[in-house]
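Q: Quick one: structure below, then a few questions.
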Amino acid sequence: MTTAKRKRMPRADRMRQMIEVAEQVFSQRGYAAASMDEIAELVGVSKPMLYEYFNSKEGLLLACIRESRAVLREVTEQATVGAADAEDALRRGLLAFFVFIRERRQAWSLLRHEMALIGTPAADEVEETRRQQTDLIAALMSGYFDSGDDLRAEAAAEFVVGACERLAIWCERHDEVSPESATEYAMDVLWSGLERRAR
């Protein structure tokens, strides 16, 4: 009688699985209380294997944040493709963001909680996520706004990102607020100022 060999999971798939489980544990317990032993057990691998992939618990946390950032960039960029004008582009981008935080609650929770770790690599990664979204919005708006005023476009993008971050935190306390409603709340405040600069 022969025993079938267990098929090894490709490295990229295994890494994705580890990040997914770690994101869940970090978001539920917080980084400090999270255990690499628990993460390894839930994934079904040894703790040394986790360290082989990520070097440390902090390395695993950073991988989780980077993965969330990549997904957020993809969904917000894709959402604005084919927008009719600046208002439509902003509304589509905001809706993609609020859908992301609703559907990827663990990823958003992880980002939000790690915002407090000022001066740490995790905080730097979270700030890079903000810069990513700010750059994306500024570039998008520059295509619709009068040229030659890059500072104003950057300032507007910073305002949009900061306001939406706070609104997203508020939405956590109001589960009845849908992504569509959150988008309209944001547009009510943000677009009134931005539309004066739109072509």
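In the structure tokens, chains take the letters A, B, ... in the order shown, each chain's residues start at 1, and ligands count up from 1 in the order shown.
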Got a sec: who's within 9 Å of Ile65 (chain A), counting only C-alpha atoms, leaving out chain neighbours fewer than 2 positions off, as a list of chain:residue names?

A: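 In the requested format, the answer is A:Glu23, A:Leu60, A:Leu61, A:Leu62, A:Ala63, A:Glu67, A:Ser68, A:Arg69, A:Ala70, A:Ala107, A:Leu110, A:Leu111, A:Ala122, A:Glu125, A:Val126, A:Thr129.
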
Q: For Gly193 (chain A), please output as a list in words all residues within 12 Å (counting only C-alpha atoms; exclusion window: fewer than 4 positions along the same chain).

A: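 Result of the neighbour search: Glu87, Arg152, Ala153, Ala156, Phe159, Val160, Ala186, Met187, Asp188, Val189, Arg197 and Ala198 of chain A.
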
Q: Mind writing the picked residues with C-alpha atoms as a tab-separated table (two decimals), in the first residue's frame?

A:
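Output below, filename out-v1.tsv:
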chain	number	residue	atom	x	y	z
A	87	GLU	CA	-16.53	64.77	-10.27
A	152	ARG	CA	-2.96	73.25	-4.99
A	153	ALA	CA	-3.62	69.81	-6.48
A	156	ALA	CA	-6.45	69.09	-2.26
A	159	PHE	CA	-7.27	67.02	2.29
A	160	VAL	CA	-9.27	64.29	0.54
A	186	ALA	CA	-17.71	62.87	1.38
A	187	MET	CA	-18.71	64.34	-1.98
A	188	ASP	CA	-21.08	66.80	-0.31
A	189	VAL	CA	-18.16	68.35	1.55
A	197	ARG	CA	-10.89	74.44	-9.91
A	198	ALA	CA	-12.18	71.84	-12.37

Q: From the set A:Cys64, A:Val81, A:Ala86, A:Ala12, which residue has the shortest atom-to-atom contact distance to Gln24 (chain A), counting only C-alpha atoms?

A: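 Closest candidate: A:Cys64.
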
Q: Would you mind telling me which residue in A:Arg104, A:Arg73, A:Lys57, A:Lys47 lies nearest to Gln133 (chain A) when using only C-alpha atoms?

A: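 Looking only at the distances to Gln133 (chain A), the closest residue turns out to be A:Arg73.
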
Q: Smallest atom-to-atom distance to Ala168 (chain A): which of A:Leu190, A:Ile137, A:Phe98, A:Glu128, using only C-alpha atoms?

A: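 Among the listed residues, the smallest separation from Ala168 (chain A) belongs to A:Phe98.
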
Q: Could you give me, as a ChimeraX atom specification, the residues within 12 Å of Tyr51 (chain A), counting only C-alpha atoms and dropping anything in the same chain fewer than 3 positions from it?

A: /A:15,18,36-37,39-40,45-48,54-60

Q: What does the distance from CA of Tyr185 (chain A) to CA of Gln132 (chain A) come to in Å, to one decimal?

A: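 Going from CA of Tyr185 (chain A) over to CA of Gln132 (chain A), I get 22.9 Å.
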